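Input: a single structure, listed below in structure tokens.
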Amino acid sequence: MGKVLKLNESILELVTRHPEAVDIMAGLGFHDITKPGMLQTAGRFMTLSKGMKLKRIELETVRLAFEQHGFEIIE
């Protein structure tokens, strides 16, 4: 089974399992994820789904970016 991400899991959980997701997310416009301490604070309750709404990033854009790195996104 490949690398699977769930839209409703916390960013902290996602990045703990897949540290390379930080670079992918930063490239999509989630720049706050690279700030020191953000994962330990906001990352505990922020999900990929909430972040996409907040940043106004389409699901298809996120899906394509992660798929290029071998991920599958499930809802």
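Ordering of the structure tokens sets the chain letters (A, B, ...); residue numbers start at 1 within each chain; ligands are numbered from 1 in the order shown.
Near Thr61 (chain A), within 12 Å and counting only C-alpha atoms, sit Ile24, Met25, Gly27, Leu28, Gly29, Met52, Glu67, Gln68 and Ile73 of chain A, not including residues fewer than 6 positions from it in the same chain.
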Emit the selected residues as a PDB file, in the first residue's frame, including C-alpha atoms.
```pdb
ATOM      1  CA  ILE A  24       4.713  19.567  -0.704  1.00  0.00           C
ATOM      2  CA  MET A  25       2.336  21.632   1.430  1.00  0.00           C
ATOM      3  CA  GLY A  27       4.824  24.464  -2.318  1.00  0.00           C
ATOM      4  CA  LEU A  28       1.028  24.580  -2.429  1.00  0.00           C
ATOM      5  CA  GLY A  29       0.910  27.776  -0.370  1.00  0.00           C
ATOM      6  CA  MET A  52      -7.500  24.120   1.965  1.00  0.00           C
ATOM      7  CA  GLU A  67      -0.031  12.233  -6.275  1.00  0.00           C
ATOM      8  CA  GLN A  68       3.126  13.453  -8.036  1.00  0.00           C
ATOM      9  CA  ILE A  73      -5.694  11.310  -0.706  1.00  0.00           C
TER      10      ILE A  73
END
```
Val15 (chain A) surroundings by only C-alpha atoms, 9 Å radius, close-in-sequence under 6 positions cut, as an mmCIF file with all heavy atoms, in the first residue's frame:
```cif
data_model
loop_
_atom_site.group_PDB
_atom_site.id
_atom_site.type_symbol
_atom_site.label_atom_id
_atom_site.label_comp_id
_atom_site.auth_asym_id
_atom_site.auth_seq_id
_atom_site.Cartn_x
_atom_site.Cartn_y
_atom_site.Cartn_z
ATOM 1 N N ALA A 21 5.832 15.622 3.486
ATOM 2 C CA ALA A 21 4.600 16.363 3.187
ATOM 3 C C ALA A 21 4.764 17.861 3.466
ATOM 4 O O ALA A 21 4.076 18.683 2.863
ATOM 5 C CB ALA A 21 3.432 15.802 3.989
ATOM 6 N N VAL A 22 5.676 18.221 4.361
ATOM 7 C CA VAL A 22 5.905 19.643 4.670
ATOM 8 C C VAL A 22 6.291 20.412 3.408
ATOM 9 O O VAL A 22 5.725 21.468 3.118
ATOM 10 C CB VAL A 22 6.989 19.819 5.760
ATOM 11 C CG1 VAL A 22 7.375 21.282 5.916
ATOM 12 C CG2 VAL A 22 6.515 19.260 7.081
ATOM 13 N N LEU A 39 3.649 23.538 13.809
ATOM 14 C CA LEU A 39 3.152 22.160 13.804
ATOM 15 C C LEU A 39 2.676 21.741 15.189
ATOM 16 O O LEU A 39 1.671 21.050 15.315
ATOM 17 C CB LEU A 39 4.245 21.198 13.342
ATOM 18 C CG LEU A 39 4.340 20.950 11.856
ATOM 19 C CD1 LEU A 39 5.516 20.022 11.556
ATOM 20 C CD2 LEU A 39 3.072 20.385 11.292
#
```
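The list of residues with at least one atom within 10 Å of Gln40 (chain A), based on only C-alpha atoms and without residues fewer than 6 positions apart in the same chain, reads Ile11, Leu12 and Ile33 of chain A.
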**Prompt:** Skipping near chain neighbours, those fewer than 5 positions away, what residues fall within 9 Å of region 42-48 of chain A using only C-alpha atoms, listed as number ranges by chain?
**Reply:** A: 5-14, 33, 37, 53
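Between CA of Gly70 (chain A) and CA of Phe30 (chain A) the interatomic distance comes to 19.3 Å.
Atom pair CA of Met38 (chain A) / CA of Glu20 (chain A) has a distance of 16.2 Å (rounded to one decimal).
Residues of region 3-45 of chain A that DSSP, applied to the backbone, places in strand (DSSP E): Lys3, Val4, Leu5 and Lys6 of chain A.
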